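Everything on this sheet refers to the single structure shown next.
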Amino acid sequence: MNRVLTLAASAIALCAAPAAAQDFVITNATVVTGDGSEPIASGVVVVDDGRVVYTGPQAGAGAFDTATVYDVGGAWVTPGLVATVTNLGLSDVSAVSESNDIRPGSSPFNAALDVAPAINPSSQHILVHRAAGITRAATVTAPARSIFGGQGAIIDLGADGQPVTRARAFQMVAFGESGARLAGGSRVATYAAFANALYEAQAVAAGRWDAESAMLTRADAEALVPVVKGEQSLYMAVERAADIRSVLALKQSFPRLDLVLVGVSEGWLVAREIAAAGVPVIADGLDDLPGAFEELAATQSNIGRMAKAGVKVAINASAMENPRNLNQYAGNLVSLTRIPGADGLTWGQAFAAISSVPAEISGLKGRAGVLAPGAMGDVVVWDGDPLEVGSVPTRVFIDGVEQPLDSHQSRLRDRYRDLDESDLPKAYDW
Amino acid sequence: MLPTVKKLTAAALAVGLAACTSAGARETESASADAASKAPFPSTYSAYPGRPTALVGATVYDGAGKKIDNGTVLFRDGKVEAVGDASLSTDGYDRVDGTGKFVTPGVIDIHSHLGDYPTPAVEAHSDGNEATSPTTPEVWAEHSVWPQDPGFTRALANGGVTALQILPGSANLMGGRSVTLKNVPSRTVQGMKFPGAPYGFKMACGENPKRVYGDRGRMPSTRMGNFAVNRQTWLDAKAYDGKKRDLAKETLKGVLDGEILVHNHCYRADEMALVMDMAKEMGYKVSAFHHAVEAYKIGDLLRENDVCSAIWADWYGFKMESYDGILENAALLFREGACVVIHSDDANGIQRLNQEAAKAQAAGHRLGIDISDAEVIRWFTLNPAKAMGVDGMTGSLEPGKMADVVLWNGNPLSVYSRPEKVWVDGALMFDAMDRKRRPVSDFELGQPGEGDVK
């Protein structure tokens with residue numbers, strides 16, 4: 001097991017070590033690796049010191065010394081789901097403004113905003129989504145007073161005090177209709193604001209930032225330096241086909257930008273151009289209405305068509321009521337393969353669109369969203385087909401640590417299992 | 001003594017059936033001048049032509065709790081003629097092979113804002129809340145409905161929705177009259193109005209009215225203010241003698257007379273209990289609480305008062321009064337014998353009411369509450385029909401009822417299934433296998449994606 005221990009040690013250097021990482025083996029599983037392939041029957045998953053060291057048929061597993069073996073009786077076992085883009089950990093009740101850190105609408109800062117220290121791993125939304133099998137998420141503030149929303153983090157949903165997997169993983173910027181509103185009422189203003197911001201970042205990088213002429217705060221300009229250098233991904237919210245073409249063209253002026261497109265309702269109309277640019281997409285999964293003039297061509301077939309054209313597509317967790325609907329959305333994309341004229345995804349592709357693809361976009365290629373040697377031990381055991389509505393996890397592991405699945409919701413469920421108050425009020429039932 | 005909901009429904013039914021049966025296949029005729037003053041903006045909808053059709057070989061859920069394997073559904077002239085097993089004769093009918101497929105009644109959404117908050121969701125289209133006074137019983141949702149809302153077509157094609165109630169929004173304590181529509185494209189809202197459906201009356205509890213008006217420094221700014229304004233408005237309506245026409249009081253009187261059904265947006269259990277007492281005090285009946293995320297805490301009370309709970313499967317936590325939403329809400333209500341309706345309140349969610357019901361069913365199963373598929377189908381067919389007062393006409397597959405029917409390409413409680421064909425009053429209005437049998441709204445003509453699968 002020398003090789004395994006070496007792997008684990010190098011990985012720990014990259015992220016916070018879990019408090020009580022476990023060794024365990026899951027046997028007799030319907031294993032989904034998350035890489036787009038179809039499930040493996042009678043599979044085995046081996047986790048050593050918080051890392052996956054083996055996934056595959058029992059025969060290839062070899063010997064592994066552990067006290068913990070879960071025979072799951074044929075149940076589905078998958079990597080933890082990866083939700084991007086979200087605001088998990090940034091609010092308790094979104095309409096209760098005191099509890100909501102999603103929209104810093106009165107801050108003088110924008111690109112400099114960094115969500116990492118604001119993440120609350122005890123938020124009920126984290127607990128609820130952990131119990132839904134989501135183990136990692138990209139979380140970020142929304143653009144509020146500028147086209148730049150700030151720097152998002154990749155977090156885990158574990159029940160510990162260290163939620164951040166990667167701080168300052170990406171910058172958020174709004175184009176399209178919302179960007180136009182924020183920039184001054186026109187798309188034209190968005191492009192000017194964007195170019196100016198990146199020029200100021202270049203000036204900071206070159207040591208010639210000039211406070212007199214600058215429009216950005218020093219902190220915001222500095223925050224955009226890794227963006228303009230291509231060291232930090234830039235997530236661009238954009239919907240309309242014409243806008244997608246224009247934002248892709250920004251690479252001509254700023255060739256090192258590491259672009260990711262978010263929303264992209266009309267992406268299917270320009271799918272080949274997106275694919276040729278090699279830009280990944282976090283796309284709205286089932287939006288099929290012309291909610292705005294920038295979404296006239298919205299269709300549930302959007303993701304299927306982009307995938308067919310070779311675009312790397314994750315399902316956008318912010319385009320649904322809650323990120324815990326990711327698996328339902330993925331399942332719907334599978335159902336489209338049976339409708340003439342529609343384009344959907346295979347089961348394996350659909351699962352990848354909520355696991356390995358968003359992980360890869362999040363900078364966790366091979367480390368999250370997959371059950372493969374070297375990956376973090378984010379493992380979920382399900383009570384049914386994980387893409388089927390109604391299926392939920394029976395066990396969730398993050399970094400190899402088994403997680404509690406209870407929450408405010410499960411406690412309410414337990415209290416109201418019956419309405420019997422013949423002895424005492426419900427308040428004593430806990 | 002209050003009228004029971006059964007009496008209410010029966011009264012509504014009588015009205016509905018009279019409107020239906022007198023006109024045969026063309027369901028409504030122009031109303032008399034007298035009727036026009038009592039019921040202006042009458043429905044001009046009549047069924048489109050259909051073929052006598054036999055759906056054979058499918059698993060049939062009748063919407064009333066029954067499942068038939070290898071079933072047969074016969075409809076002709078817009079009406080269901082027979083529902084049974086494979087022994088039913090299909091002579092004289094076009095046979096549609098449903099082997100491996102499923103048949104249900106048309107899906108019904110009790111809570112939609114299609115048309116009054118249409119897409120594109122631009123300010124010029126924002127017609128769902130007359131938020132200029134906390135009580136606006138005088139407004140009618142039908143006057144805001146834009147029949148070209150592309151959302152109707154998605155609800156039909158992806159959701160199998162054949163009837164829906166369009167409600168005013170929840171800014172006001174009394175938001176106005178709702179309208180029940182058949183989900184058929186039309187140039188006018190009258191061409192969509194469900195013939196014979198009673199009106200609904202939208203009310204709202206809790207945070208929204210007190211926030212909207214409290215923020216303007218006027219009453220109500222508290223929950224106690226909400227109740228005070230409501231009660232005084234009811235008292236004033238009870239004193240109305242009808243001599244001088246008053247649109248607001250005509251609506252309220254319709255409620256007090258049991259002709260208009262109350263649909264009350266209300267999240268919290270304690271507030272629902274107060275509303276049921278207010279209804280008793282004033283002499284009306286709540287047909288359904290909408291967004292009733294805490295209904296599971298008072299399933300017993302809701303059963304005793306015979307009030308339906310129209311709910312999402314899994315929405316929670318977006319506002320304070322939704323904080324206690326749980327997945328088990330529907331199942332716990334069912335276990336108490338209370339009426340469950342799955343609703344959308346959403347132009348996307350309306351396309352997946354079947355999936356939402358399946359989620360709620362699974363949550364019950366995990367709690368040891370096993371609810372059959374056939375019962376769960378009722379949550380988005382017959383139960384909403386009952387709460388909307390149209391259960392005598394649609395909502396289940398029974399002889400004489402409207403042939404509002406969905407043929408699904410798999411079990412509708414699975415994420416992998418979609419509507420394959422949808423009939424409204426026996427007319428084929430959507431067919432996934434025929435690209436031209438798909439409505440395209442005026443708005444989408446000449447736009448990118450016109451006629452796409454969506």
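Please note that chains go A, B, ... in the order of the structure tokens, that every chain numbers its residues from 1, and that ligands are numbered from 1 in the order shown.
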Within 9 Å of chain B, which residues belong to chain A? Use only C-alpha atoms and report them as a ChimeraX atom specification.
/A:92-96,124-125,269,286-293,295-302,321-322,328-329,331-336,338-342,387-391,408-410,412-413,416-419
Skipping near chain neighbours, those fewer than 3 positions away, what residues fall within 6 Å of Gly50 of chain A using only C-alpha atoms, listed as a PDB file with N, CA and C atoms, in the first residue's frame?
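Done, and the output landed in part-v8.pdb:
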```
ATOM      1  N   ALA A  21     -10.352  11.059   8.924  1.00  0.00           N
ATOM      2  CA  ALA A  21     -10.485  10.324   7.674  1.00  0.00           C
ATOM      3  C   ALA A  21     -10.542   8.831   7.949  1.00  0.00           C
ATOM      4  N   GLN A  22     -11.313   8.157   7.124  1.00  0.00           N
ATOM      5  CA  GLN A  22     -11.539   6.742   7.371  1.00  0.00           C
ATOM      6  C   GLN A  22     -10.988   5.898   6.237  1.00  0.00           C
ATOM      7  N   GLY A 377     -12.320  11.365  -1.075  1.00  0.00           N
ATOM      8  CA  GLY A 377     -13.279  10.321  -0.713  1.00  0.00           C
ATOM      9  C   GLY A 377     -14.674  10.849  -0.504  1.00  0.00           C
ATOM     10  N   ASP A 399     -14.437  13.464   2.032  1.00  0.00           N
ATOM     11  CA  ASP A 399     -13.040  13.191   2.393  1.00  0.00           C
ATOM     12  C   ASP A 399     -12.940  11.914   3.216  1.00  0.00           C
ATOM     13  N   GLY A 400     -13.766  10.964   2.889  1.00  0.00           N
ATOM     14  CA  GLY A 400     -13.723   9.679   3.573  1.00  0.00           C
ATOM     15  C   GLY A 400     -14.424   9.640   4.915  1.00  0.00           C
TER      16      GLY A 400
END
```
From a DSSP calculation on the backbone, collect every residue of segment 272-387 of chain A in helix (DSSP H, G or I) and output the set as a tab-separated table (two decimals) with C-alpha atoms, in the first residue's frame.
```tsv
chain	number	residue	atom	x	y	z
A	272	ARG	CA	-19.71	24.85	-32.59
A	273	GLU	CA	-18.16	28.22	-31.84
A	274	ILE	CA	-18.16	27.49	-28.12
A	275	ALA	CA	-16.62	24.09	-28.74
A	276	ALA	CA	-13.97	25.55	-31.03
A	277	ALA	CA	-13.06	28.09	-28.37
A	293	PHE	CA	-35.40	38.63	-24.89
A	294	GLU	CA	-31.93	37.18	-24.44
A	295	GLU	CA	-33.44	33.71	-24.01
A	302	ASN	CA	-29.79	23.08	-25.24
A	303	ILE	CA	-27.39	20.98	-23.18
A	304	GLY	CA	-27.80	17.89	-25.35
A	305	ARG	CA	-27.08	19.89	-28.46
A	306	MET	CA	-24.04	21.59	-26.99
A	307	ALA	CA	-22.69	18.27	-25.74
A	308	LYS	CA	-23.21	16.78	-29.19
A	323	PRO	CA	-29.30	22.82	-6.08
A	324	ARG	CA	-30.63	19.58	-4.63
A	325	ASN	CA	-32.72	19.29	-7.80
A	326	LEU	CA	-29.55	18.67	-9.85
A	327	ASN	CA	-30.15	14.95	-10.14
A	328	GLN	CA	-33.78	15.50	-11.17
A	329	TYR	CA	-32.63	17.87	-13.89
A	330	ALA	CA	-30.03	15.41	-15.10
A	331	GLY	CA	-32.69	12.70	-15.24
A	332	ASN	CA	-34.89	14.94	-17.33
A	333	LEU	CA	-32.09	15.35	-19.85
A	334	VAL	CA	-31.99	11.56	-20.16
A	335	SER	CA	-35.74	11.49	-20.81
A	336	LEU	CA	-35.28	13.81	-23.77
A	337	THR	CA	-33.40	11.12	-25.67
A	338	ARG	CA	-36.78	9.45	-26.23
A	347	TRP	CA	-27.38	8.40	-18.40
A	348	GLY	CA	-23.61	8.46	-17.98
A	349	GLN	CA	-23.27	11.88	-19.62
A	350	ALA	CA	-26.11	13.25	-17.51
A	351	PHE	CA	-24.51	12.07	-14.30
A	352	ALA	CA	-21.16	13.50	-15.39
A	356	SER	CA	-17.06	15.17	-12.99
A	357	VAL	CA	-17.76	18.04	-15.40
A	358	PRO	CA	-18.59	20.65	-12.76
A	359	ALA	CA	-15.65	19.34	-10.71
A	360	GLU	CA	-13.33	19.82	-13.65
A	361	ILE	CA	-14.65	23.32	-14.28
```
Could you name the residues that touch Asp94 of chain B at 8 Å or less, counting only C-alpha atoms, but leaving out those on the same chain fewer than 3 positions away, as number ranges by chain?
B: 51-54, 90
If you run DSSP over the backbone, which residues in segment 138-230 of chain B end up strand (DSSP E)? Put them as an MDAnalysis selection string.
chainID B and resid 161:166 174:177 179:182 200:204
Neighbours of segment 260-275 of chain B within 9 Å (only C-alpha atoms; same-chain residues fewer than 6 positions away dropped), as a PyMOL selection string?
chain B and resi 8+12+167+170+174+177-178+198-206+223+227+251-254+284-298+301-302+321-322+324-325+387-389
Close residues, Arg245 of chain A itself excluded, 8 Å, only C-alpha atoms, min 3 positions apart in chain, as a ChimeraX atom specification
/A:241-242,248-249,270,273
Report as a PyMOL selection string all protein, DNA and RNA residues lying within 8 Å of Ile398 of chain A, evaluated on only C-alpha atoms, omitting residues in the same chain fewer than 2 positions from it.
chain A and resi 50+80+135+156-158+376-379+396+400-403
Now that the selection is made, can you save its residues with C-alpha atoms as a PDB file, in the first residue's frame?
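And here is the file that came out, result13.pdb:
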```pdb
ATOM      1  CA  GLY A  50      -9.822   9.839   2.907  1.00  0.00           C
ATOM      2  CA  GLY A  80     -20.656  13.106  -4.416  1.00  0.00           C
ATOM      3  CA  THR A 135     -20.544  17.101  -1.405  1.00  0.00           C
ATOM      4  CA  ASP A 156     -17.221  21.001   0.690  1.00  0.00           C
ATOM      5  CA  LEU A 157     -20.464  20.372   2.547  1.00  0.00           C
ATOM      6  CA  GLY A 158     -18.894  18.401   5.359  1.00  0.00           C
ATOM      7  CA  MET A 376     -11.157  12.802  -2.603  1.00  0.00           C
ATOM      8  CA  GLY A 377     -13.279  10.321  -0.713  1.00  0.00           C
ATOM      9  CA  ASP A 378     -16.605  11.948  -1.524  1.00  0.00           C
ATOM     10  CA  VAL A 379     -18.852   8.922  -1.863  1.00  0.00           C
ATOM     11  CA  VAL A 396     -22.689  10.326   2.449  1.00  0.00           C
ATOM     12  CA  GLY A 400     -13.723   9.679   3.573  1.00  0.00           C
ATOM     13  CA  VAL A 401     -15.626  10.823   6.643  1.00  0.00           C
ATOM     14  CA  GLU A 402     -19.185   9.606   7.039  1.00  0.00           C
ATOM     15  CA  GLN A 403     -21.490  12.576   7.385  1.00  0.00           C
TER      16      GLN A 403
END
```
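Closest approach to Pro412 of chain B among B:Asp442, B:Glu259, B:Asp391, B:Asp373: B:Asp373, based on only C-alpha atoms.
For the residues B:Lys386, B:Gly426, B:Asp345, B:Val145, ranking by smallest atom-to-atom distance to Val307 of chain B using only C-alpha atoms places B:Lys386 first.
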Could you give me, as a PyMOL selection string, the residues within 9 Å of Pro39 of chain A, counting only C-alpha atoms and dropping anything in the same chain fewer than 5 positions from it?
chain A and resi 30-34+76+348
Straight-line distance linking atom CA of Ser133 of chain B with atom CA of Asp116 of chain B, stated in Å to one decimal:
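That distance, rounded to one decimal, is 18.1 Å.
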Between atom CA of Gly176 of chain A and atom CA of Ser99 of chain A, distance in Å (one decimal):
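Straight-line distance from atom CA of Gly176 of chain A to atom CA of Ser99 of chain A works out to 28.8 Å.
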